[in-house]
$ cat input31.cif   # mmCIF, C-alpha atoms
data_start
#
loop_
_atom_site.label_atom_id
_atom_site.label_comp_id
_atom_site.auth_asym_id
_atom_site.auth_seq_id
_atom_site.Cartn_x
_atom_site.Cartn_y
_atom_site.Cartn_z
CA MET A 1 0.00 0.00 0.00
CA SER A 2 1.43 3.40 -1.01
CA GLU A 3 2.26 6.07 1.54
CA PRO A 4 -0.35 8.83 1.88
CA LYS A 5 0.49 12.11 0.19
CA LYS A 6 0.78 15.19 2.36
CA LEU A 7 -1.40 18.25 1.78
CA TYR A 8 -0.61 21.65 3.30
CA VAL A 9 -3.45 24.19 3.23
CA LYS A 10 -2.97 27.83 4.22
CA THR A 11 -6.23 29.69 4.79
CA TYR A 12 -6.70 33.44 4.51
CA GLY A 13 -9.64 35.63 5.47
CA CYS A 14 -13.11 34.79 6.62
CA GLN A 15 -14.64 31.92 8.58
CA MET A 16 -16.21 30.61 5.39
CA ASN A 17 -12.73 30.07 4.00
CA VAL A 18 -11.91 28.03 7.11
CA TYR A 19 -14.94 25.87 6.39
CA ASP A 20 -14.04 25.62 2.69
CA SER A 21 -10.49 24.55 3.54
CA GLU A 22 -11.80 21.70 5.66
CA ARG A 23 -13.97 20.52 2.80
CA MET A 24 -11.07 20.76 0.33
CA VAL A 25 -9.00 18.51 2.60
CA GLU A 26 -11.87 16.02 2.66
CA ALA A 27 -12.31 16.16 -1.12
CA LEU A 28 -8.62 15.48 -1.69
CA GLY A 29 -8.72 12.63 0.81
CA SER A 30 -10.22 10.54 -1.99
CA LYS A 31 -6.91 10.97 -3.82
CA GLY A 32 -4.84 9.78 -0.91
CA TYR A 33 -3.95 13.15 0.61
CA VAL A 34 -3.70 13.71 4.36
CA GLN A 35 -3.29 17.13 5.92
CA THR A 36 0.04 18.29 7.30
CA ASP A 37 0.80 21.35 9.41
CA THR A 38 3.95 22.35 7.54
CA PRO A 39 4.71 22.97 3.84
CA ASP A 40 8.27 21.69 4.18
CA ASP A 41 7.53 18.05 3.29
CA ALA A 42 4.19 18.52 1.53
CA ASP A 43 3.31 16.88 -1.77
CA MET A 44 0.76 19.62 -2.45
CA ILE A 45 0.48 23.19 -1.17
CA LEU A 46 -2.92 24.86 -1.49
CA LEU A 47 -3.50 28.53 -0.68
CA ASN A 48 -7.18 29.28 0.05
CA THR A 49 -7.29 33.00 -0.56
CA CYS A 50 -9.42 36.01 0.35
CA HIS A 51 -9.95 39.10 -1.81
CA ILE A 52 -11.40 41.40 0.84
CA ARG A 53 -8.28 42.99 2.31
CA GLU A 54 -6.03 45.55 0.63
CA LYS A 55 -3.58 44.26 -2.00
CA ALA A 56 -4.90 40.72 -1.50
CA ALA A 57 -3.65 39.45 -4.87
CA GLU A 58 -0.16 40.88 -4.42
CA LYS A 59 0.13 39.20 -1.03
CA VAL A 60 -0.75 35.86 -2.63
CA TYR A 61 1.94 36.29 -5.28
CA SER A 62 4.43 37.17 -2.58
CA GLU A 63 3.48 34.06 -0.60
CA LEU A 64 3.86 31.90 -3.69
CA GLY A 65 7.38 33.24 -4.13
CA ARG A 66 8.30 31.95 -0.69
CA PHE A 67 7.51 28.42 -1.82
CA ARG A 68 9.96 28.50 -4.73
CA PRO A 69 12.83 26.88 -2.74
CA LEU A 70 10.49 23.99 -1.86
CA ARG A 71 9.58 23.55 -5.53
CA ASP A 72 13.24 23.70 -6.54
CA ALA A 73 14.04 20.99 -3.97
CA ASN A 74 11.05 18.87 -5.03
CA PRO A 75 10.00 19.25 -8.68
CA ASP A 76 7.03 16.93 -8.03
CA LEU A 77 5.52 19.34 -5.48
CA LYS A 78 2.11 20.57 -6.67
CA ILE A 79 1.08 24.14 -5.85
CA GLY A 80 -2.49 25.41 -6.06
CA VAL A 81 -4.40 28.63 -5.45
CA ALA A 82 -8.04 28.46 -4.37
CA GLY A 83 -10.67 30.90 -3.14
CA CYS A 84 -11.63 34.43 -4.10
CA VAL A 85 -8.26 35.64 -5.44
CA ALA A 86 -8.23 32.55 -7.65
CA GLN A 87 -11.71 33.47 -8.88
CA ALA A 88 -10.73 37.08 -9.56
CA GLU A 89 -7.32 36.46 -11.12
CA GLY A 90 -7.87 33.17 -12.96
CA GLU A 91 -5.27 32.47 -15.65
CA GLU A 92 -3.29 35.55 -14.59
CA ILE A 93 -2.03 33.57 -11.59
CA ILE A 94 -0.44 30.93 -13.79
CA ARG A 95 0.96 33.59 -16.12
CA ARG A 96 2.63 35.48 -13.27
CA GLN A 97 3.64 32.39 -11.30
CA PRO A 98 4.28 29.55 -13.78
CA MET A 99 5.06 27.13 -10.93
CA VAL A 100 1.35 27.17 -10.00
CA ASP A 101 -0.27 23.94 -11.17
CA LEU A 102 -3.86 24.43 -10.07
CA VAL A 103 -6.29 27.35 -9.80
CA VAL A 104 -9.77 26.70 -8.43
CA GLY A 105 -12.55 29.12 -7.49
CA PRO A 106 -14.74 28.93 -4.37
CA GLN A 107 -17.65 27.41 -6.27
CA THR A 108 -15.74 24.55 -7.92
CA TYR A 109 -13.49 23.04 -5.27
CA HIS A 110 -15.66 19.91 -5.29
CA ARG A 111 -13.93 19.19 -8.61
CA LEU A 112 -10.48 19.01 -6.98
CA PRO A 113 -10.20 15.19 -7.35
CA GLU A 114 -10.69 15.48 -11.14
CA MET A 115 -8.24 18.39 -11.26
CA VAL A 116 -5.64 16.25 -9.47
CA ASP A 117 -6.11 13.62 -12.18
CA THR A 118 -5.28 16.30 -14.75
CA LEU A 119 -2.10 17.14 -12.85
CA ALA A 120 -1.10 13.47 -12.78
CA LYS A 121 -1.18 13.51 -16.61
CA GLY A 122 1.29 16.38 -16.66
CA GLY A 123 -1.14 19.20 -17.30
CA ARG A 124 -2.31 22.24 -15.37
CA ALA A 125 -5.83 22.63 -13.98
CA LEU A 126 -7.94 25.80 -13.99
CA ASP A 127 -11.59 25.96 -12.92
CA THR A 128 -13.25 29.23 -11.95
CA ASP A 129 -16.75 28.52 -13.24
CA PHE A 130 -20.02 29.23 -11.49
CA PRO A 131 -21.49 25.75 -12.08
CA GLU A 132 -25.18 25.00 -11.94
CA GLU A 133 -24.68 21.88 -9.81
CA ASP A 134 -24.55 22.18 -6.02
CA LYS A 135 -20.91 21.72 -5.03
CA PHE A 136 -21.95 20.51 -1.58
CA ALA A 137 -23.82 17.59 -3.11
CA HIS A 138 -20.56 16.37 -4.67
CA LEU A 139 -18.43 16.60 -1.53
CA PRO A 140 -17.83 13.64 0.82
CA LYS A 141 -20.95 12.99 2.89
CA THR A 142 -19.05 12.07 6.07
CA ARG A 143 -16.98 14.74 7.76
CA LYS A 144 -13.67 13.95 9.43
CA ALA A 145 -13.41 14.15 13.22
CA PRO A 146 -13.29 17.85 14.20
CA ARG A 147 -10.36 19.21 16.14
CA GLY A 148 -12.44 20.78 18.86
CA PRO A 149 -15.94 21.36 20.24
CA THR A 150 -16.81 24.16 17.80
CA ALA A 151 -17.39 24.04 14.06
CA PHE A 152 -18.48 26.18 11.12
CA LEU A 153 -21.29 25.18 8.78
CA THR A 154 -21.90 27.06 5.53
CA VAL A 155 -25.63 27.46 4.90
CA GLN A 156 -25.63 30.24 2.31
CA GLU A 157 -23.16 31.61 -0.22
CA GLY A 158 -22.91 34.62 -2.47
CA CYS A 159 -24.57 38.01 -2.28
CA ASP A 160 -27.08 39.97 -4.35
CA LYS A 161 -26.58 43.29 -2.55
CA PHE A 162 -23.76 44.71 -4.72
CA CYS A 163 -22.38 47.15 -2.17
CA ALA A 164 -20.18 49.58 -4.08
CA PHE A 165 -17.01 48.59 -2.22
CA CYS A 166 -17.40 44.80 -2.23
CA VAL A 167 -16.07 42.06 -4.53
CA VAL A 168 -18.14 39.22 -3.05
CA PRO A 169 -20.88 39.19 -5.76
CA TYR A 170 -18.12 38.85 -8.37
CA THR A 171 -16.04 36.20 -6.61
CA ARG A 172 -18.73 34.16 -4.82
CA GLY A 173 -21.63 34.75 -7.19
CA ALA A 174 -25.34 35.18 -6.56
CA GLU A 175 -27.05 34.19 -3.32
CA VAL A 176 -27.57 30.45 -3.01
CA SER A 177 -29.01 28.64 0.02
CA ARG A 178 -28.38 25.00 0.85
CA PRO A 179 -31.35 22.62 1.40
CA VAL A 180 -32.47 22.19 5.00
CA GLU A 181 -32.14 18.39 5.12
CA ARG A 182 -28.50 18.45 4.01
CA LEU A 183 -27.68 21.03 6.66
CA LEU A 184 -29.40 19.04 9.38
CA HIS A 185 -27.54 15.91 8.30
CA GLU A 186 -24.20 17.73 8.41
CA ALA A 187 -25.00 19.32 11.77
CA GLN A 188 -25.96 15.93 13.22
CA ASP A 189 -22.72 14.46 11.87
CA LEU A 190 -20.70 17.23 13.55
CA VAL A 191 -22.44 16.71 16.88
CA GLU A 192 -21.77 12.97 16.73
CA ARG A 193 -18.09 13.88 16.38
CA GLY A 194 -18.06 15.95 19.55
CA VAL A 195 -19.10 19.42 18.37
CA ARG A 196 -21.13 21.37 20.92
CA GLU A 197 -21.35 24.72 19.11
CA ILE A 198 -22.04 25.42 15.43
CA THR A 199 -21.66 28.78 13.71
CA LEU A 200 -23.85 29.06 10.61
CA LEU A 201 -22.01 30.87 7.84
CA GLY A 202 -22.97 32.92 4.82
CA GLN A 203 -21.79 36.00 3.00
CA ASN A 204 -25.29 37.22 3.75
CA VAL A 205 -26.42 34.51 6.13
CA ASN A 206 -29.72 36.03 7.22
CA ALA A 207 -30.86 36.03 3.59
CA TYR A 208 -30.97 32.23 3.88
CA HIS A 209 -33.98 30.76 2.07
CA GLY A 210 -33.34 27.03 1.74
CA ALA A 211 -35.71 24.37 0.48
CA GLY A 212 -37.35 22.61 3.43
CA PRO A 213 -38.37 18.95 3.68
CA ASP A 214 -42.01 20.07 3.67
CA GLY A 215 -41.64 21.69 0.27
CA ALA A 216 -41.70 25.18 1.75
CA GLU A 217 -38.90 27.71 1.72
CA TRP A 218 -37.29 28.06 5.17
CA GLY A 219 -35.77 31.23 6.54
CA LEU A 220 -32.78 31.34 8.88
CA ALA A 221 -34.90 31.53 12.03
CA ARG A 222 -36.81 28.36 11.17
CA LEU A 223 -33.55 26.56 10.38
CA ILE A 224 -32.07 27.66 13.71
CA ARG A 225 -35.11 26.49 15.67
CA ARG A 226 -35.01 23.09 13.93
CA MET A 227 -31.27 22.77 14.48
CA ALA A 228 -31.78 23.58 18.17
CA GLU A 229 -33.71 20.31 18.45
CA ILE A 230 -30.53 18.27 17.80
CA ASP A 231 -29.53 16.52 21.03
CA GLY A 232 -26.00 17.40 22.05
CA LEU A 233 -25.87 20.68 20.12
CA GLU A 234 -25.73 23.29 22.87
CA ARG A 235 -24.95 26.53 21.07
CA ILE A 236 -25.80 28.14 17.73
CA ARG A 237 -24.36 31.32 16.23
CA PHE A 238 -24.54 32.89 12.76
CA THR A 239 -22.51 35.38 10.73
CA THR A 240 -22.40 37.63 8.70
CA SER A 241 -25.72 39.45 8.43
CA HIS A 242 -27.17 42.39 6.53
CA PRO A 243 -29.54 44.82 8.28
CA ASN A 244 -32.07 44.60 5.45
CA ASP A 245 -32.55 40.86 6.00
CA MET A 246 -33.08 40.91 9.77
CA GLU A 247 -36.70 39.77 9.64
CA ASP A 248 -39.21 39.60 12.48
CA ASP A 249 -38.91 35.86 13.10
CA LEU A 250 -35.12 36.07 13.35
CA ILE A 251 -35.40 38.95 15.81
CA ALA A 252 -37.86 36.89 17.85
CA ALA A 253 -35.51 33.89 17.81
CA HIS A 254 -32.96 35.88 19.80
CA GLY A 255 -35.46 35.99 22.61
CA ASP A 256 -37.13 32.59 22.47
CA CYS A 257 -34.42 30.19 21.24
CA ALA A 258 -32.21 29.37 24.22
CA LYS A 259 -29.47 27.78 22.10
CA LEU A 260 -29.04 30.91 19.96
CA MET A 261 -26.23 32.82 21.65
CA PRO A 262 -26.61 36.49 22.69
CA TYR A 263 -24.00 37.72 20.21
CA LEU A 264 -24.78 39.38 16.88
CA HIS A 265 -22.43 40.65 14.18
CA LEU A 266 -24.44 43.16 12.14
CA PRO A 267 -22.33 45.49 9.95
CA VAL A 268 -23.53 49.03 9.32
CA GLN A 269 -20.36 50.40 7.59
CA SER A 270 -21.21 54.11 8.09
CA GLY A 271 -23.44 56.37 10.14
CA SER A 272 -23.95 58.84 7.29
CA ASP A 273 -27.03 58.34 5.13
CA ARG A 274 -25.26 60.08 2.26
CA ILE A 275 -22.36 57.64 2.39
CA LEU A 276 -24.65 54.65 2.93
CA LYS A 277 -26.45 55.60 -0.28
CA ALA A 278 -23.12 55.94 -2.10
CA MET A 279 -22.19 52.48 -0.78
CA ASN A 280 -25.51 51.09 -2.12
CA ARG A 281 -26.33 49.74 1.34
CA LYS A 282 -30.08 50.43 0.95
CA HIS A 283 -30.64 51.24 4.62
CA THR A 284 -30.32 54.39 6.68
CA ALA A 285 -28.64 55.04 10.00
CA GLU A 286 -32.02 55.52 11.65
CA HIS A 287 -33.28 52.21 10.26
CA TYR A 288 -30.23 50.47 11.72
CA ILE A 289 -30.61 52.14 15.12
CA ARG A 290 -34.31 51.20 15.32
CA LEU A 291 -33.46 47.65 14.28
CA ILE A 292 -30.88 47.29 17.06
CA ALA A 293 -33.42 48.57 19.57
CA ARG A 294 -35.90 45.88 18.48
CA ILE A 295 -33.31 43.11 18.74
CA ARG A 296 -32.23 44.29 22.19
CA GLU A 297 -35.86 44.36 23.26
CA ALA A 298 -36.00 40.66 22.35
CA ARG A 299 -32.61 39.92 23.96
CA PRO A 300 -31.58 42.67 26.42
CA ASP A 301 -28.15 41.16 27.19
CA LEU A 302 -27.15 40.99 23.49
CA LEU A 303 -23.51 41.83 22.71
CA LEU A 304 -23.33 43.61 19.38
CA SER A 305 -20.49 43.54 16.88
CA GLY A 306 -20.19 45.53 13.66
CA ASP A 307 -18.07 46.58 10.68
CA PHE A 308 -17.10 50.12 9.69
CA ILE A 309 -15.36 51.64 6.69
CA VAL A 310 -13.84 55.12 6.95
CA GLY A 311 -12.47 57.24 4.13
CA PHE A 312 -15.00 55.95 1.60
CA PRO A 313 -14.93 58.08 -1.59
CA GLY A 314 -16.74 61.34 -0.94
CA GLU A 315 -16.74 61.03 2.86
CA THR A 316 -16.47 64.39 4.61
CA GLU A 317 -15.71 65.16 8.23
CA THR A 318 -19.45 65.70 8.73
CA ASP A 319 -20.14 62.22 7.39
CA PHE A 320 -17.51 60.78 9.69
CA GLN A 321 -18.97 62.57 12.69
CA ALA A 322 -22.29 60.89 11.86
CA THR A 323 -20.52 57.54 12.13
CA LEU A 324 -19.14 58.47 15.55
CA ASP A 325 -22.63 59.57 16.62
CA LEU A 326 -24.09 56.21 15.55
CA VAL A 327 -21.40 54.31 17.47
CA ARG A 328 -22.13 56.34 20.61
CA THR A 329 -25.88 55.74 20.20
CA VAL A 330 -25.68 52.00 19.55
CA GLY A 331 -22.77 50.90 21.75
CA TYR A 332 -20.65 47.97 20.57
CA GLY A 333 -19.04 45.20 22.57
CA GLN A 334 -16.82 44.39 19.62
CA ALA A 335 -16.25 45.86 16.16
CA TYR A 336 -14.02 45.78 13.12
CA SER A 337 -13.01 48.99 11.38
CA PHE A 338 -11.03 49.58 8.21
CA LYS A 339 -9.78 52.34 6.00
CA TYR A 340 -11.35 52.13 2.56
CA SER A 341 -9.19 50.58 -0.14
CA ALA A 342 -10.36 50.17 -3.72
CA ARG A 343 -11.18 46.74 -5.15
CA PRO A 344 -10.73 46.54 -8.94
CA GLY A 345 -14.02 46.00 -10.72
CA THR A 346 -16.21 47.51 -8.00
CA PRO A 347 -18.14 50.76 -8.63
CA ALA A 348 -16.39 52.68 -5.85
CA ALA A 349 -12.95 51.93 -7.31
CA GLU A 350 -13.61 54.47 -10.07
CA ARG A 351 -14.39 57.33 -7.68
CA PRO A 352 -11.97 59.98 -6.35
CA GLY A 353 -10.55 58.96 -3.01
CA VAL A 354 -10.30 60.72 0.34
CA ASP A 355 -6.96 62.17 1.42
CA GLN A 356 -5.09 59.26 3.04
CA THR A 357 -3.77 61.31 5.94
CA GLU A 358 -7.32 62.34 6.80
CA ALA A 359 -8.57 58.78 6.38
CA ASP A 360 -5.83 57.51 8.72
CA ASP A 361 -6.79 60.11 11.31
CA ARG A 362 -10.48 59.16 11.11
CA LEU A 363 -9.66 55.49 11.50
CA GLN A 364 -7.61 56.17 14.62
CA ARG A 365 -10.41 58.24 16.16
CA LEU A 366 -13.04 55.62 15.36
CA GLN A 367 -10.92 52.78 16.70
CA ALA A 368 -10.26 54.71 19.90
CA LEU A 369 -14.03 55.04 20.48
CA LEU A 370 -14.72 51.40 19.60
CA SER A 371 -11.89 50.23 21.86
CA GLU A 372 -13.33 52.30 24.70
CA GLN A 373 -16.73 50.64 24.23
CA GLN A 374 -15.24 47.16 23.97
CA ARG A 375 -13.22 47.67 27.14
CA ALA A 376 -16.30 48.97 28.98
CA ALA A 377 -18.29 45.89 27.87
CA GLN A 378 -15.55 43.55 29.07
CA ASP A 379 -15.08 45.39 32.36
CA GLY A 380 -18.83 45.08 32.89
CA MET A 381 -18.48 41.31 32.85
CA VAL A 382 -16.35 41.27 36.01
CA GLY A 383 -18.31 39.71 38.85
CA ARG A 384 -20.83 38.08 36.52
CA GLU A 385 -21.41 34.36 36.15
CA VAL A 386 -21.17 33.09 32.56
CA ARG A 387 -21.20 29.72 30.84
CA VAL A 388 -17.94 28.87 29.08
CA LEU A 389 -17.40 26.22 26.41
CA PHE A 390 -13.80 25.16 26.91
CA GLU A 391 -11.83 24.57 23.72
CA LYS A 392 -8.12 24.16 24.49
CA PRO A 393 -5.29 24.56 27.03
CA GLY A 394 -4.11 28.11 27.66
CA ARG A 395 -0.57 29.44 27.43
CA MET A 396 0.07 29.00 31.12
CA PRO A 397 0.45 25.58 32.79
CA GLY A 398 -2.85 24.32 34.22
CA GLN A 399 -4.85 26.92 32.27
CA MET A 400 -7.85 26.28 30.01
CA VAL A 401 -9.42 28.66 27.49
CA GLY A 402 -12.95 28.80 26.17
CA LYS A 403 -15.65 31.15 24.90
CA SER A 404 -18.52 32.64 26.85
CA ASP A 405 -22.04 32.95 25.49
CA TYR A 406 -21.00 36.45 24.40
CA LEU A 407 -17.95 35.14 22.47
CA HIS A 408 -15.46 36.52 24.97
CA ALA A 409 -12.31 34.45 25.40
CA VAL A 410 -12.18 33.29 29.04
CA HIS A 411 -9.14 31.86 30.86
CA VAL A 412 -9.45 29.74 34.00
CA ASP A 413 -7.26 27.40 36.03
CA GLY A 414 -8.58 23.92 35.40
CA PRO A 415 -7.83 20.43 34.08
CA GLU A 416 -7.68 19.46 30.41
CA THR A 417 -10.73 17.28 30.99
CA LEU A 418 -12.73 20.53 30.68
CA ARG A 419 -12.16 20.49 26.93
CA GLY A 420 -15.51 20.18 25.18
CA GLN A 421 -17.42 20.88 28.40
CA ILE A 422 -19.65 23.85 29.22
CA ALA A 423 -19.10 25.00 32.78
CA PRO A 424 -20.17 27.99 34.90
CA VAL A 425 -17.44 30.54 35.53
CA ARG A 426 -17.33 33.68 37.64
CA ILE A 427 -15.40 36.46 35.87
CA THR A 428 -12.69 37.92 38.10
CA ALA A 429 -10.70 40.18 35.77
CA SER A 430 -10.77 41.86 32.36
CA ALA A 431 -7.74 42.13 30.07
CA SER A 432 -7.44 43.89 26.70
CA ASN A 433 -8.88 41.05 24.61
CA SER A 434 -9.95 38.40 27.11
CA LEU A 435 -11.45 37.69 30.51
CA ALA A 436 -10.17 35.72 33.46
CA GLY A 437 -12.39 33.73 35.79
CA MET A 438 -12.72 30.87 38.23
CA LEU A 439 -14.80 27.75 38.01
CA ILE A 440 -17.92 27.77 40.18
#

$ encode --input "input31.cif" --output "structure tokens"
Amino acid sequence: MSEPKKLYVKTYGCQMNVYDSERMVEALGSKGYVQTDTPDDADMILLNTCHIREKAAEKVYSELGRFRPLRDANPDLKIGVAGCVAQAEGEEIIRRQPMVDLVVGPQTYHRLPEMVDTLAKGGRALDTDFPEEDKFAHLPKTRKAPRGPTAFLTVQEGCDKFCAFCVVPYTRGAEVSRPVERLLHEAQDLVERGVREITLLGQNVNAYHGAGPDGAEWGLARLIRRMAEIDGLERIRFTTSHPNDMEDDLIAAHGDCAKLMPYLHLPVQSGSDRILKAMNRKHTAEHYIRLIARIREARPDLLLSGDFIVGFPGETETDFQATLDLVRTVGYGQAYSFKYSARPGTPAAERPGVDQTEADDRLQRLQALLSEQQRAAQDGMVGREVRVLFEKPGRMPGQMVGKSDYLHAVHVDGPETLRGQIAPVRITASASNSLAGMLI
């Protein structure tokens, strides 16, 4: 029997890419590949890329250059690029980096086994189609044993919103929702392998509208409530959402579904209606503020997270002040903020930019306010009792780390037998990005 071939996968970007990487490993398992944690002795290196951040493509080319000594030492080493940069760049990747053997987009990685067959015949493989068939239906039905008590599960892909700054509709395609029965089967399989918490993923996850077993179209709230019936699944989360798709039943689920955690990531991007219109967000600041009030009415202890872009083309200081006003009104326990950078092919990329010095200054001021709110939220946890799902040992001897219901990282002194368990913890201290506590 031949030795298994080693596959090294490096994942960039979002949680959905983490999920996709796991499925790529499983797909290539049919060709005798097993995952390795280092590229040094790999038979195949696969970069699963993200196109969201600034200069994403150039960073991929730079990373590929670092693998040249490995290719020189092992001419049989196969190198592939997957994900959104692969979708956007296509044949250009092979032109600029001839040592690349394989380029596969995020909608076609189920075809990896056939692409490997092409490589075995001495050719190169390129597939960046948007196929009609459901890629998930062609992937292995049985998942490998997860590495911990938490897992991601993609329920929806693509986006129809066409925000002016975003490449997702071009790299991931139109919104597609997976059928309910397949999701329930996969969730059950994960739970049987020790998973206690599942995060439902989608580029626009609350636009989920999958075909149900009853012939009806199910929304995300109905899927969550059905998934909550799975014995052994203790926690459910979802990300990332759009304000325009936060429907009444999903708001209600935050109050009446005990397994749905009190944490919500709901990007707003700007507090200025003028900039929101220029972004093609199709909601106003007031709409967002009223929406948050309704969700908090359903779940008063909700911890809110968001995304913000500063320095968007045309943004003035008045527009930026409106963003600061919204942040002060809403109050965030966590948030991500970025300075606008153009993405080729998006409408905003053609517009005159904001002075970079001013954009840098705005980002620093926004991050200072968001950091102040995050620290206040964490400090407010001290003295409270929370439930923690323990995931792994901490950096210190005898320390375990897990996540609270509110997605805070929590450190306690305790045995490794806590891994995979949910235990009550009293919070004793707040650090910059984590909490410390003691088992009750």

$ resolve_selection --input "input31.cif" --expression "the PyMOL selection byres ((chain A and resi 302) around 12)" --output "JSON, numbers by chain"
{"A": [251, 254, 255, 260, 261, 262, 263, 264, 265, 266, 292, 293, 294, 295, 296, 297, 298, 299, 300, 301, 303, 304, 305, 330, 331, 332, 333, 334, 377, 405, 406, 407]}

$ resolve_selection --input "input31.cif" --expression "the PyMOL selection byres ((chain A and resi 26-39) around 8)" --output "ChimeraX atom specification"
/A:4-9,22-25,40-42,45,110,112-113,116,139-140,143-144

$ resolve_selection --input "input31.cif" --expression "the PyMOL selection byres ((chain A and resi 80) around 12)" --output "PyMOL selection string"
chain A and resi 7-10+24+43-49+60-61+63-64+67+77-79+81-83+85-86+90+93-94+97-105+109+112+115-116+119+124-127

$ residues_around --input "input31.cif" --residues "Ala348 in chain A" --least-positions-apart "2" --cutoff "7 Å" --atoms "only C-alpha atoms" --output "list in words"
Ala164, Phe165, Ala342, Thr346, Glu350 and Arg351 of chain A

$ write_last_selection --input "input31.cif" --atoms "C-alpha atoms" --output "CSV table (one decimal), in the frame of the given file"
chain,number,residue,atom,x,y,z
A,164,ALA,CA,-20.2,49.6,-4.1
A,165,PHE,CA,-17.0,48.6,-2.2
A,342,ALA,CA,-10.4,50.2,-3.7
A,346,THR,CA,-16.2,47.5,-8.0
A,350,GLU,CA,-13.6,54.5,-10.1
A,351,ARG,CA,-14.4,57.3,-7.7

$ residues_around --input "input31.cif" --residues "range 352-367 of chain A" --least-positions-apart "2" --cutoff "10 Å" --atoms "only C-alpha atoms" --output "count of residues only"
31

$ closest_residue --input "input31.cif" --among "A:Arg281, A:Thr417, A:Met381, A:Pro344" --to "Lys55 in chain A" --atoms "only C-alpha atoms"
A:Pro344

$ atom_distance --input "input31.cif" --atom1 "CA of Glu286 in chain A" --atom2 "CA of Cys166 in chain A"
22.8 Å

$ atom_distance --input "input31.cif" --atom1 "CA of Arg111 in chain A" --atom2 "CA of Tyr208 in chain A"
24.8 Å

$ residues_around --input "input31.cif" --residues "range 430-434 of chain A" --least-positions-apart "5" --cutoff "7 Å" --atoms "all atoms listed in the file" --output "list in words"
Arg375, Gln378, Asp379, Val382, His408, Ala409 and Val410 of chain A

$ residues_around --input "input31.cif" --residues "Phe390 in chain A" --least-positions-apart "3" --cutoff "9 Å" --atoms "all atoms listed in the file" --output "short mmCIF file (atom, residue, chain, number, x, y, z; two decimals) with C-alpha atoms, in the coordinates of the input"
data_model
loop_
_atom_site.label_atom_id
_atom_site.label_comp_id
_atom_site.auth_asym_id
_atom_site.auth_seq_id
_atom_site.Cartn_x
_atom_site.Cartn_y
_atom_site.Cartn_z
CA PRO A 149 -15.94 21.36 20.24
CA PRO A 393 -5.29 24.56 27.03
CA MET A 400 -7.85 26.28 30.01
CA VAL A 401 -9.42 28.66 27.49
CA GLY A 402 -12.95 28.80 26.17
CA LYS A 403 -15.65 31.15 24.90
CA SER A 404 -18.52 32.64 26.85
CA VAL A 410 -12.18 33.29 29.04
CA LEU A 418 -12.73 20.53 30.68
CA ARG A 419 -12.16 20.49 26.93
CA GLY A 420 -15.51 20.18 25.18
CA GLN A 421 -17.42 20.88 28.40
CA ILE A 422 -19.65 23.85 29.22
CA ALA A 423 -19.10 25.00 32.78
#

$ atom_distance --input "input31.cif" --atom1 "CA of Glu229 in chain A" --atom2 "CA of Asp249 in chain A"
17.2 Å

$ axis_aligned_box --input "input31.cif" --around "range 56-73 of chain A" --padding-each-side "8 Å" --output "lines of an AutoDock Vina configuration file"
center_x = 4.6
center_y = 30.9
center_z = -3.6
size_x = 34.9
size_y = 35.9
size_z = 21.9

$ residues_near_point --input "input31.cif" --point "(-28.9, 57.5, 13.5)" --cutoff "8 Å" --atoms "only C-alpha atoms" --output "MDAnalysis selection string"
chainID A and resid 271 284:289 322 325:326 329

$ closest_residue --input "input31.cif" --among "A:Gly306, A:Gly219, A:Pro397, A:Gly380" --to "Ala429 in chain A" --atoms "all atoms listed in the file"
A:Gly380

$ residues_around --input "input31.cif" --residues "range 151-156 of chain A" --least-positions-apart "4" --cutoff "9 Å" --atoms "all atoms listed in the file" --output "PyMOL selection string"
chain A and resi 15-16+18-20+146-147+175-180+183+186-187+190+195-210

$ closest_residue --input "input31.cif" --among "A:Glu385, A:Asp319, A:Glu234, A:Glu416" --to "Gln399 in chain A" --atoms "only C-alpha atoms"
A:Glu416

$ closest_residue --input "input31.cif" --among "A:Arg172, A:His242, A:Arg343, A:Arg182" --to "Ala56 in chain A" --atoms "only C-alpha atoms"
A:Arg343

$ closest_residue --input "input31.cif" --among "A:Asp117, A:Asp245, A:Asp189, A:Asp214" --to "Cys159 in chain A" --atoms "all atoms listed in the file"
A:Asp245
